[in-house]
file final.txt (compact mmCIF, C-alpha atoms)
# COMPACT_ATOMS: atom_id res chain seq x y z
CA MET N 1 -33.94 33.35 -24.90
CA THR N 2 -32.60 34.34 -21.49
CA GLN N 3 -32.64 31.81 -18.73
CA GLU N 4 -35.22 32.28 -15.99
CA PRO N 5 -33.59 32.67 -12.56
CA ILE N 6 -33.48 29.50 -10.50
CA SER N 7 -33.33 29.74 -6.71
CA ILE N 8 -30.94 27.38 -4.98
CA ALA N 9 -29.53 26.58 -1.57
CA ILE N 10 -25.98 25.35 -0.97
CA ILE N 11 -25.62 22.82 1.82
CA ASP N 12 -22.00 22.00 2.58
CA ASP N 13 -19.92 22.20 5.73
CA HIS N 14 -16.97 23.98 4.09
CA ASP N 15 -17.43 27.77 4.05
CA MET N 16 -14.72 28.24 1.46
CA PHE N 17 -16.31 25.68 -0.81
CA ARG N 18 -19.72 27.32 -0.58
CA ALA N 19 -18.14 30.70 -1.37
CA GLY N 20 -16.27 29.24 -4.31
CA VAL N 21 -19.39 27.61 -5.72
CA LYS N 22 -21.39 30.81 -5.41
CA ALA N 23 -18.73 32.70 -7.32
CA SER N 24 -18.59 30.19 -10.15
CA LEU N 25 -22.29 29.80 -10.87
CA ALA N 26 -24.10 31.46 -13.79
CA PRO N 27 -25.75 34.83 -13.07
CA TRP N 28 -29.26 33.39 -13.35
CA VAL N 29 -28.62 31.08 -10.40
CA ASN N 30 -29.93 32.80 -7.30
CA VAL N 31 -28.45 31.52 -4.02
CA ILE N 32 -31.12 32.15 -1.41
CA ALA N 33 -29.80 30.04 1.46
CA GLU N 34 -26.76 28.22 2.81
CA ALA N 35 -26.13 25.85 5.69
CA GLY N 36 -23.27 23.75 7.04
CA ASP N 37 -24.87 21.02 9.13
CA VAL N 38 -27.89 18.74 9.03
CA ASP N 39 -30.15 20.56 11.50
CA SER N 40 -29.66 24.09 10.15
CA ALA N 41 -30.02 22.74 6.62
CA VAL N 42 -33.41 21.19 7.42
CA ALA N 43 -34.51 24.41 9.14
CA VAL N 44 -33.38 26.79 6.43
CA LEU N 45 -34.82 24.70 3.62
CA HIS N 46 -38.24 24.65 5.23
CA GLU N 47 -38.19 28.40 5.90
CA ASN N 48 -37.88 29.30 2.26
CA PRO N 49 -37.76 26.28 -0.06
CA PRO N 50 -35.58 26.87 -3.10
CA SER N 51 -36.11 25.16 -6.45
CA VAL N 52 -32.84 23.22 -6.27
CA VAL N 53 -30.56 22.24 -3.41
CA LEU N 54 -26.86 21.50 -3.85
CA LEU N 55 -26.24 18.97 -1.14
CA ASP N 56 -23.00 17.47 0.09
CA VAL N 57 -23.13 13.82 0.97
CA HIS N 58 -21.12 14.21 4.17
CA MET N 59 -22.00 16.74 6.80
CA PRO N 60 -22.00 16.95 10.58
CA GLY N 61 -24.96 17.15 12.93
CA GLY N 62 -28.37 15.55 13.12
CA ALA N 63 -28.23 11.80 13.71
CA GLY N 64 -25.06 11.45 11.62
CA GLY N 65 -26.81 10.66 8.36
CA GLY N 66 -25.31 13.55 6.39
CA GLY N 67 -26.92 14.56 3.11
CA ALA N 68 -29.19 11.52 3.02
CA GLU N 69 -30.61 12.54 6.40
CA VAL N 70 -31.31 16.09 5.20
CA LEU N 71 -33.19 14.61 2.26
CA THR N 72 -35.18 12.26 4.41
CA LYS N 73 -36.22 15.13 6.68
CA CYS N 74 -37.26 17.24 3.70
CA GLN N 75 -39.71 14.81 2.15
CA ASP N 76 -42.52 17.26 2.82
CA ILE N 77 -41.04 19.89 0.49
CA ALA N 78 -39.91 17.35 -2.12
CA GLY N 79 -42.71 18.46 -4.41
CA GLN N 80 -41.24 21.92 -4.93
CA THR N 81 -37.59 21.32 -4.18
CA ARG N 82 -35.18 19.03 -6.00
CA PHE N 83 -31.86 17.84 -4.65
CA LEU N 84 -28.58 17.47 -6.48
CA ALA N 85 -25.78 15.74 -4.61
CA LEU N 86 -22.43 17.44 -5.02
CA SER N 87 -19.56 15.73 -3.34
CA VAL N 88 -15.91 14.86 -3.12
CA SER N 89 -16.83 11.41 -1.92
CA ASP N 90 -17.31 8.77 -4.48
CA ALA N 91 -17.77 5.90 -2.08
CA ALA N 92 -20.48 3.78 -3.65
CA GLU N 93 -22.61 3.38 -0.56
CA ASP N 94 -22.75 7.12 0.07
CA VAL N 95 -23.78 7.94 -3.46
CA VAL N 96 -26.39 5.23 -3.61
CA ALA N 97 -27.74 6.21 -0.19
CA VAL N 98 -28.30 9.79 -1.29
CA ILE N 99 -29.95 8.78 -4.56
CA ARG N 100 -32.23 6.34 -2.80
CA ALA N 101 -33.10 9.11 -0.33
CA GLY N 102 -34.37 11.12 -3.29
CA ALA N 103 -31.55 13.09 -4.94
CA ARG N 104 -32.05 13.61 -8.67
CA GLY N 105 -28.40 13.31 -9.50
CA TYR N 106 -24.86 13.23 -8.30
CA VAL N 107 -21.88 15.25 -9.50
CA THR N 108 -18.36 15.41 -8.16
CA LYS N 109 -16.66 18.55 -6.92
CA ASN N 110 -14.21 18.85 -9.77
CA ILE N 111 -17.07 19.91 -12.01
CA SER N 112 -16.80 23.35 -13.67
CA GLY N 113 -19.09 26.25 -12.78
CA GLU N 114 -20.65 26.04 -16.22
CA GLN N 115 -21.36 22.33 -15.94
CA LEU N 116 -22.77 22.82 -12.45
CA SER N 117 -25.10 25.59 -13.60
CA ASP N 118 -26.22 23.34 -16.42
CA ALA N 119 -26.80 20.48 -13.98
CA ILE N 120 -28.93 22.81 -11.79
CA LYS N 121 -31.00 23.71 -14.82
CA ARG N 122 -31.52 20.04 -15.71
CA VAL N 123 -32.57 19.07 -12.20
CA ASP N 124 -34.90 22.07 -12.03
CA SER N 125 -36.67 20.97 -15.19
CA GLY N 126 -37.18 17.49 -13.78
CA ASP N 127 -34.32 15.63 -15.41
CA ALA N 128 -31.69 13.49 -13.72
CA VAL N 129 -28.00 14.33 -13.71
CA PHE N 130 -25.46 11.57 -13.84
CA SER N 131 -21.75 11.96 -13.43
CA PRO N 132 -19.52 9.31 -15.02
CA ARG N 133 -18.92 7.92 -11.57
CA LEU N 134 -22.61 7.49 -10.81
CA ALA N 135 -23.07 5.78 -14.17
CA GLY N 136 -20.25 3.43 -13.21
CA PHE N 137 -21.93 2.61 -9.90
CA VAL N 138 -25.17 1.88 -11.68
CA LEU N 139 -23.49 -0.51 -14.08
CA ASP N 140 -21.73 -2.18 -11.16
CA ALA N 141 -24.89 -2.45 -9.07
CA PHE N 142 -27.16 -3.68 -11.82
CA GLY N 143 -24.50 -5.81 -13.46
CA ALA N 144 -23.08 -4.36 -16.67
CA GLN N 145 -23.25 -7.66 -18.44
CA SER N 146 -26.32 -9.24 -16.97
CA ALA N 147 -29.10 -10.04 -19.38
CA PRO N 148 -31.01 -6.82 -20.08
CA ALA N 149 -34.56 -6.32 -18.94
CA THR N 150 -37.15 -7.25 -21.53
CA HIS N 151 -39.69 -4.75 -20.28
CA ASP N 152 -38.77 -1.14 -19.57
CA ASP N 153 -40.66 -1.17 -16.33
CA GLU N 154 -38.60 -3.97 -14.81
CA LEU N 155 -37.06 -2.29 -11.82
CA ASP N 156 -34.28 -4.70 -11.10
CA ARG N 157 -32.44 -4.65 -14.40
CA LEU N 158 -31.41 -2.10 -16.98
CA SER N 159 -32.68 -2.41 -20.53
CA ALA N 160 -30.09 -2.88 -23.29
CA ARG N 161 -30.43 0.76 -24.31
CA GLU N 162 -30.15 1.96 -20.73
CA GLN N 163 -26.95 -0.05 -20.34
CA GLU N 164 -25.60 1.53 -23.53
CA VAL N 165 -26.38 5.04 -22.32
CA MET N 166 -24.86 4.37 -18.89
CA ARG N 167 -21.73 2.98 -20.45
CA LEU N 168 -21.22 6.08 -22.59
CA ILE N 169 -21.82 8.39 -19.67
CA ALA N 170 -19.31 6.35 -17.64
CA ARG N 171 -16.83 6.91 -20.45
CA GLY N 172 -17.20 10.66 -19.98
CA TYR N 173 -19.66 11.48 -22.76
CA THR N 174 -22.02 14.42 -22.24
CA TYR N 175 -25.71 13.89 -23.01
CA ARG N 176 -25.15 15.63 -26.34
CA GLU N 177 -22.31 13.26 -27.21
CA VAL N 178 -24.36 10.24 -26.14
CA ALA N 179 -27.20 11.42 -28.38
CA SER N 180 -24.81 11.88 -31.28
CA GLU N 181 -23.17 8.50 -30.73
CA LEU N 182 -26.44 6.57 -30.56
CA PHE N 183 -28.27 8.62 -33.19
CA ILE N 184 -31.03 9.60 -30.79
CA SER N 185 -32.20 12.95 -29.47
CA ILE N 186 -30.93 14.53 -26.27
CA LYS N 187 -34.47 14.30 -24.98
CA THR N 188 -34.38 10.53 -25.43
CA VAL N 189 -31.09 10.35 -23.55
CA GLU N 190 -32.68 12.29 -20.70
CA THR N 191 -35.62 9.88 -20.68
CA HIS N 192 -33.33 6.87 -20.38
CA VAL N 193 -31.28 8.53 -17.64
CA SER N 194 -34.43 9.38 -15.68
CA ALA N 195 -35.65 5.82 -16.03
CA VAL N 196 -32.35 4.54 -14.66
CA LEU N 197 -32.53 6.97 -11.77
CA ARG N 198 -35.99 5.68 -10.93
CA LYS N 199 -34.72 2.10 -10.95
CA LEU N 200 -31.83 3.03 -8.72
CA GLN N 201 -34.23 4.69 -6.29
CA LEU N 202 -36.90 2.03 -6.25
CA SER N 203 -35.23 -1.25 -6.94
CA SER N 204 -35.34 -3.68 -4.09
CA ARG N 205 -32.69 -5.62 -5.93
CA HIS N 206 -30.77 -7.47 -3.26
CA GLU N 207 -27.45 -6.47 -4.76
CA LEU N 208 -28.09 -2.76 -4.38
CA THR N 209 -28.43 -2.85 -0.66
CA LYS N 210 -26.09 -5.75 0.01
CA TRP N 211 -23.38 -4.55 -2.33
CA ALA N 212 -23.27 -1.14 -0.76
CA ALA N 213 -22.94 -2.74 2.65
CA ASP N 214 -20.27 -5.14 1.43
CA ARG N 215 -18.04 -2.30 0.37
CA ARG N 216 -17.66 -1.23 3.93
CA LEU N 217 -16.82 -4.62 5.29
CA LEU N 218 -13.75 -5.79 3.47
CA MET P 219 -2.46 22.70 -3.45
CA THR P 220 -5.12 20.86 -5.37
CA ARG P 221 -2.75 18.00 -6.14
CA LEU P 222 -1.82 17.66 -2.48
CA ALA P 223 -5.46 17.63 -1.54
CA ARG P 224 -6.28 15.05 -4.20
CA ASN P 225 -3.52 12.74 -3.05
CA GLN P 226 -4.53 13.09 0.58
CA GLU P 227 -8.14 12.57 -0.34
CA ARG P 228 -7.18 9.47 -2.28
CA GLU P 229 -5.26 8.04 0.67
CA LEU P 230 -7.98 8.83 3.14
CA ARG P 231 -10.64 7.40 0.90
CA ALA P 232 -8.57 4.26 0.36
CA TRP P 233 -8.15 3.85 4.09
CA LEU P 234 -11.77 4.53 4.97
CA TYR P 235 -13.52 2.76 2.17
CA ASN P 236 -11.61 -0.36 2.09
CA ASP P 237 -9.47 -0.11 -0.87
CA ARG P 238 -7.30 -2.22 1.39
CA SER P 239 -7.22 -5.31 -0.80
CA ALA P 240 -3.90 -7.11 -0.64
CA ALA P 241 -1.33 -5.95 -3.14
CA GLY P 242 -1.60 -7.63 -6.49
CA THR P 243 -5.20 -8.75 -6.13
CA SER P 244 -7.12 -5.91 -7.67
CA LEU P 245 -6.95 -4.55 -11.19
CA ALA P 246 -9.19 -1.68 -10.13
CA ASP P 247 -6.64 -0.62 -7.53
CA GLU P 248 -3.87 -0.83 -10.09
CA ALA P 249 -5.82 1.36 -12.46
CA ARG P 250 -6.28 3.92 -9.71
CA SER P 251 -2.52 3.89 -9.06
CA VAL P 252 -1.78 4.38 -12.72
CA VAL P 253 -4.09 7.37 -12.88
CA ALA P 254 -2.65 8.88 -9.71
CA ASN P 255 0.84 8.42 -11.06
CA VAL P 256 0.04 10.08 -14.37
CA GLU P 257 -1.60 13.01 -12.58
CA ASN P 258 1.41 13.49 -10.34
CA THR P 259 4.21 12.95 -12.81
CA MET P 260 2.77 14.80 -15.81
CA ILE P 261 2.77 18.03 -13.85
CA HIS P 262 6.55 17.87 -13.73
CA ALA P 263 6.79 16.65 -17.30
CA LEU P 264 4.69 19.52 -18.61
CA GLY P 265 6.15 22.11 -16.28
CA THR P 266 2.67 23.37 -15.60
CA GLN P 267 1.27 24.98 -12.47
CA GLU P 268 -2.24 23.72 -13.04
CA SER P 269 -3.21 20.44 -11.53
CA ILE P 270 -4.19 17.58 -13.77
CA SER P 271 -7.35 15.75 -12.91
CA ILE P 272 -8.30 12.52 -14.64
CA ASP P 273 -11.76 11.14 -14.13
CA LEU P 274 -11.51 7.37 -13.63
CA VAL P 275 -14.58 5.14 -13.55
CA VAL P 276 -14.25 1.42 -12.87
CA VAL P 277 -16.88 -1.28 -13.32
CA GLY P 278 -15.99 -4.72 -12.02
CA ASP P 279 -12.61 -6.05 -10.93
CA ALA P 280 -10.15 -8.84 -11.69
CA VAL P 281 -6.98 -10.41 -10.39
CA PRO P 282 -4.05 -8.92 -12.28
CA ASN P 283 -1.98 -11.07 -14.62
CA GLU P 284 0.51 -10.52 -17.42
CA ASP P 285 -2.23 -9.54 -19.85
CA THR P 286 -3.62 -6.90 -17.53
CA GLU P 287 -0.11 -5.68 -16.89
CA ALA P 288 0.19 -4.94 -20.60
CA LEU P 289 -3.25 -3.32 -20.50
CA MET P 290 -2.21 -1.06 -17.61
CA GLY P 291 1.02 -0.19 -19.40
CA ALA P 292 -0.90 0.78 -22.53
CA MET P 293 -3.41 2.74 -20.46
CA ASN P 294 -0.56 4.61 -18.79
CA GLU P 295 0.82 5.63 -22.19
CA ALA P 296 -2.61 6.54 -23.56
CA LEU P 297 -3.28 8.74 -20.51
CA LYS P 298 0.06 10.51 -20.82
CA ASN P 299 -0.67 11.17 -24.50
CA ALA P 300 -4.11 12.50 -23.70
CA VAL P 301 -2.67 14.87 -21.11
CA ARG P 302 0.25 15.91 -23.29
CA HIS P 303 -1.45 16.28 -26.66
CA GLY P 304 -5.15 16.42 -25.92
CA LYS P 305 -7.31 18.80 -23.96
CA PRO P 306 -9.17 18.26 -20.71
CA PRO P 307 -11.39 16.72 -19.53
CA VAL P 308 -9.43 13.48 -19.75
CA SER P 309 -11.54 10.46 -18.86
CA ALA P 310 -10.63 6.85 -18.26
CA TYR P 311 -13.11 3.99 -18.04
CA LEU P 312 -12.24 0.42 -17.11
CA GLU P 313 -14.80 -2.33 -17.48
CA VAL P 314 -14.15 -5.90 -16.52
CA ARG P 315 -16.41 -8.42 -18.19
CA ASP P 316 -16.39 -12.21 -18.19
CA ASP P 317 -14.78 -12.51 -21.58
CA LEU P 318 -12.75 -9.34 -21.92
CA ILE P 319 -11.44 -6.26 -20.19
CA GLU P 320 -11.78 -2.86 -21.83
CA VAL P 321 -10.24 0.51 -21.14
CA PHE P 322 -11.39 3.71 -22.83
CA VAL P 323 -9.20 6.81 -22.55
CA SER P 324 -10.57 10.01 -23.98
CA ASP P 325 -9.81 13.70 -24.16
CA ARG P 326 -11.42 16.72 -25.81
CA GLY P 327 -8.50 17.91 -27.94
CA ASP P 328 -8.18 18.28 -31.65
CA GLY P 329 -8.62 14.63 -32.40
CA PHE P 330 -6.38 11.87 -33.52
CA ASP P 331 -4.43 11.87 -36.73
CA LEU P 332 -2.25 9.17 -38.17
CA SER P 333 0.97 11.07 -37.67
CA MET P 334 0.53 10.50 -33.95
CA LEU P 335 1.33 6.86 -34.47
CA GLU P 336 4.85 7.96 -35.22
CA ASP P 337 5.02 10.34 -32.30
CA VAL P 338 8.14 9.67 -30.31
CA GLY P 339 7.72 10.57 -26.65
CA PRO P 340 10.52 11.37 -24.22
CA ASP P 341 11.16 7.67 -23.71
CA ARG P 342 11.59 7.31 -27.48
CA PHE P 343 9.21 4.38 -27.91
CA GLY P 344 6.35 6.11 -29.62
CA VAL P 345 2.67 5.42 -29.63
CA ARG P 346 2.89 2.54 -32.07
CA GLU P 347 5.15 0.53 -29.84
CA SER P 348 4.13 1.67 -26.39
CA ILE P 349 0.41 1.30 -26.88
CA ILE P 350 -0.32 -0.84 -29.90
CA GLY P 351 2.71 -3.13 -29.64
CA ARG P 352 2.17 -3.75 -25.95
CA MET P 353 -1.45 -4.69 -26.42
CA GLU P 354 -1.00 -6.83 -29.49
CA ARG P 355 1.81 -8.90 -28.03
CA ARG P 356 -0.65 -10.18 -25.44
CA GLY P 357 -3.48 -10.69 -27.88
CA GLY P 358 -5.26 -7.41 -27.30
CA THR P 359 -6.45 -4.75 -29.70
CA VAL P 360 -6.35 -0.97 -29.88
CA THR P 361 -8.80 1.30 -31.65
CA PHE P 362 -8.40 5.06 -32.03
CA ARG P 363 -11.38 7.17 -32.94
CA ASN P 364 -12.22 10.79 -33.26
CA MET P 365 -15.37 11.54 -31.35
CA ALA P 366 -18.36 13.14 -32.99
CA ILE P 367 -18.12 16.30 -30.91
CA GLY P 368 -14.36 16.58 -31.02
CA GLY P 369 -11.64 14.77 -29.14
CA THR P 370 -9.97 11.40 -29.22
CA GLU P 371 -10.99 8.12 -27.69
CA VAL P 372 -8.59 5.20 -27.42
CA LYS P 373 -10.13 1.81 -26.77
CA LEU P 374 -7.91 -0.91 -25.34
CA SER P 375 -9.42 -4.40 -25.40
CA MET P 376 -7.83 -7.41 -23.77
CA PRO P 377 -9.58 -10.77 -24.08
CA ARG P 378 -9.51 -12.67 -20.84
CA LYS P 379 -8.52 -15.87 -22.51
CA VAL P 380 -5.78 -15.26 -25.02
CA ASP P 381 -6.92 -16.19 -28.51
CA GLN P 382 -4.57 -18.79 -29.87
CA ASN P 383 -5.89 -18.51 -33.41
CA PRO P 384 -3.19 -16.95 -35.59
CA GLN P 385 -5.64 -16.25 -38.45
CA ARG P 386 -7.33 -13.21 -36.89
CA THR P 387 -6.17 -10.18 -38.78
CA HIS P 388 -7.80 -6.98 -37.62
CA ALA P 389 -9.79 -5.32 -34.93
CA PRO P 390 -13.33 -4.29 -35.85
CA ASP P 391 -13.89 -0.68 -36.84
CA GLU P 392 -16.15 1.11 -34.41
CA HIS P 393 -18.19 2.57 -37.26
CA SER P 394 -17.75 5.13 -40.00
CA GLY P 395 -16.53 7.70 -37.52
CA SER P 396 -13.22 6.01 -36.87
CA THR P 397 -10.07 7.03 -38.64
CA LYS P 398 -7.86 4.12 -37.86
CA SER P 399 -8.08 0.58 -36.60
CA SER P 400 -5.00 -1.20 -35.56
CA SER P 401 -4.24 -4.49 -37.23
CA ARG P 402 -2.61 -7.44 -35.64
CA LYS P 403 0.43 -8.48 -37.55
CA LYS P 404 0.05 -11.88 -39.17
CA GLN P 405 2.39 -14.38 -37.52
call {"tool": "encode", "arguments": {"input": "final.txt", "output": "structure tokens"}}
result
Amino acid sequence: MTQEPISIAIIDDHDMFRAGVKASLAPWVNVIAEAGDVDSAVAVLHENPPSVVLLDVHMPGGAGGGGAEVLTKCQDIAGQTRFLALSVSDAAEDVVAVIRAGARGYVTKNISGEQLSDAIKRVDSGDAVFSPRLAGFVLDAFGAQSAPATHDDELDRLSAREQEVMRLIARGYTYREVASELFISIKTVETHVSAVLRKLQLSSRHELTKWAADRRLL
Amino acid sequence: MTRLARNQERELRAWLYNDRSAAGTSLADEARSVVANVENTMIHALGTQESISIDLVVVGDAVPNEDTEALMGAMNEALKNAVRHGKPPVSAYLEVRDDLIEVFVSDRGDGFDLSMLEDVGPDRFGVRESIIGRMERRGGTVTFRNMAIGGTEVKLSMPRKVDQNPQRTHAPDEHSGSTKSSSRKKQ
């Protein structure tokens, strides 16, 4: 079964990086727009909303909010467009800020073209994409060893299973490997990951906001 | 070019995002140094043009001590092995918990086999001594397993309070997928 084309936009302030990404993506990924700063990104995304946006966390312009600001200003197209953060930065507060602004996942720039195309496909179909680093942040923020949530809908803690999945992803396992390790289906892994993403986005857990701020202060 | 960029990026990130903790106070920082060192030195050791990129994820932190020094030494050796004998991506995961500290080093190569325990690296100490010996002398354990989808994962576990009980004899097997557990020598 051939893959249906997916339209994307690449938002990053390095021309060479954008060119490199374009060249490495699968043929069914259709790059319909690019931009290098906050204001042109917001403009171009509204002109012709793509299905997925590859968004760098750091970028000049606007009010200085970078990728998170682009996301915030694109809430009105959030129904049709999904954002995937792609960045060199792995500073916790930046990653968390972009997820809480609405990104469906975060991957680092040393990812391969194949993995990136796969991540685009996942985000397009509504799933979340976690890099090992993001999984690590989640465990840090929610407390890897705190008592697990007893109900899945508790926003401020991870369930035991969610902690297990996050730990394996942090160790570098792909979703397939996680599924194999825990004897569950890939679909179930995706469900857990999406649930964790939702908690990361919605939790008013004091630690999430305070901890991100703390990192800057030391 | 990539290696230069990675090192500069690392320095800039450390400067911007605080990794300015005083020397000797952060295990997480030490782990990052170990990884950086392996990335930089293995290029020369392997005589390769390609850059080596190790994905390190850290959860939690601790003040270094002699036990963590052994853990970092073992991690250093495990990483060099993964780069030398395994296949990328090479991942490292450090988790600090209340009762123990764990490091997982994995690669996607052909998997672990027992003959590797006898492998003698350029420094002539071999895996058995440089990884297992180091860990066990401080009361830690080492587990090697072949991953379901291919590749090797080395788990290094260091309890945070050294177990004084001389009767403990072996580290738990992960599950039926493992090929070898290390055993602590009886005193």
call {"tool": "closest_residue", "arguments": {"input": "final.txt", "among": "P:Gly368, P:Gly242, P:Pro307, P:Gly344", "to": "Ile272 (chain P)", "atoms": "only C-alpha atoms"}}
result
P:Pro307
call {"tool": "residues_around", "arguments": {"input": "final.txt", "residues": "Arg122 (chain N)", "least_positions_apart": "5", "cutoff": "10 Å", "atoms": "only C-alpha atoms", "output": "VMD selection string"}}
result
chain N and resid 104 to 105 116 to 117 127 to 129 190
call {"tool": "interface_residues", "arguments": {"input": "final.txt", "of": "chain P", "to": "chain N", "cutoff": "7 Å", "atoms": "only C-alpha atoms", "output": "PyMOL selection string"}}
result
chain P and resi 235-236+275-278+309-311+315+322+366-367
call {"tool": "closest_atom_pairs", "arguments": {"input": "final.txt", "of": "region 72-187 of chain N", "to": "region 37-59 of chain N", "cutoff": "8 Å", "atoms": "only C-alpha atoms", "output": "Markdown table"}}
result
| residue | atom | partner | partner_atom | distance |
| --- | --- | --- | --- | --- |
| N:Lys73 | CA | N:Val42 | CA | 6.7 |
| N:Cys74 | CA | N:Val42 | CA | 6.7 |
| N:Ile77 | CA | N:Pro49 | CA | 7.2 |
| N:Gln80 | CA | N:Ser51 | CA | 6.3 |
| N:Thr81 | CA | N:Ser51 | CA | 4.7 |
| N:Arg82 | CA | N:Val52 | CA | 4.8 |
| N:Phe83 | CA | N:Val53 | CA | 4.8 |
| N:Leu84 | CA | N:Leu54 | CA | 5.1 |
| N:Ala85 | CA | N:Leu55 | CA | 4.8 |
| N:Leu86 | CA | N:Asp56 | CA | 5.1 |
| N:Ser87 | CA | N:Asp56 | CA | 5.2 |
| N:Ser89 | CA | N:Val57 | CA | 7.3 |
| N:Asp94 | CA | N:Val57 | CA | 6.8 |
| N:Val95 | CA | N:Val57 | CA | 7.4 |
| N:Val98 | CA | N:Val57 | CA | 6.9 |
| N:Ile120 | CA | N:Val52 | CA | 6.8 |
| N:Val123 | CA | N:Val52 | CA | 7.2 |
| N:Asp124 | CA | N:Val52 | CA | 6.2 |
call {"tool": "closest_residue", "arguments": {"input": "final.txt", "among": "N:Lys187, N:Ile10, N:Ala19, N:Gln201", "to": "Ile32 (chain N)", "atoms": "all atoms listed in the file"}}
result
N:Ile10
call {"tool": "closest_residue", "arguments": {"input": "final.txt", "among": "P:Ala292, P:Gly329, P:Arg224, P:Thr286", "to": "Arg352 (chain P)", "atoms": "all atoms listed in the file"}}
result
P:Ala292
call {"tool": "residues_around", "arguments": {"input": "final.txt", "residues": "Ile270 (chain P)", "least_positions_apart": "5", "cutoff": "9 Å", "atoms": "only C-alpha atoms", "output": "list of chain:residue names"}}
result
P:Arg221, P:Val256, P:Glu257, P:Asn258, P:Met260, P:Ile261, P:Val301, P:Pro306, P:Val308
call {"tool": "write_last_selection", "arguments": {"input": "final.txt", "atoms": "C-alpha atoms", "output": "short mmCIF file (atom, residue, chain, number, x, y, z; two decimals), in the frame of the given file"}}
result
data_model
loop_
_atom_site.label_atom_id
_atom_site.label_comp_id
_atom_site.auth_asym_id
_atom_site.auth_seq_id
_atom_site.Cartn_x
_atom_site.Cartn_y
_atom_site.Cartn_z
CA ARG P 221 -2.75 18.00 -6.14
CA VAL P 256 0.04 10.08 -14.37
CA GLU P 257 -1.60 13.01 -12.58
CA ASN P 258 1.41 13.49 -10.34
CA MET P 260 2.77 14.80 -15.81
CA ILE P 261 2.77 18.03 -13.85
CA VAL P 301 -2.67 14.87 -21.11
CA PRO P 306 -9.17 18.26 -20.71
CA VAL P 308 -9.43 13.48 -19.75
#
call {"tool": "closest_residue", "arguments": {"input": "final.txt", "among": "P:Leu289, P:Leu264, P:Val372, P:Leu245", "to": "Asp325 (chain P)", "atoms": "all atoms listed in the file"}}
result
P:Val372
call {"tool": "atom_distance", "arguments": {"input": "final.txt", "atom1": "CA of Val165 (chain N)", "atom2": "CA of Val189 (chain N)"}}
result
7.2 Å
call {"tool": "atom_distance", "arguments": {"input": "final.txt", "atom1": "CA of Asp279 (chain P)", "atom2": "CA of Asp317 (chain P)"}}
result
12.6 Å
call {"tool": "atom_distance", "arguments": {"input": "final.txt", "atom1": "CA of Leu71 (chain N)", "atom2": "CA of Lys22 (chain N)"}}
result
21.5 Å
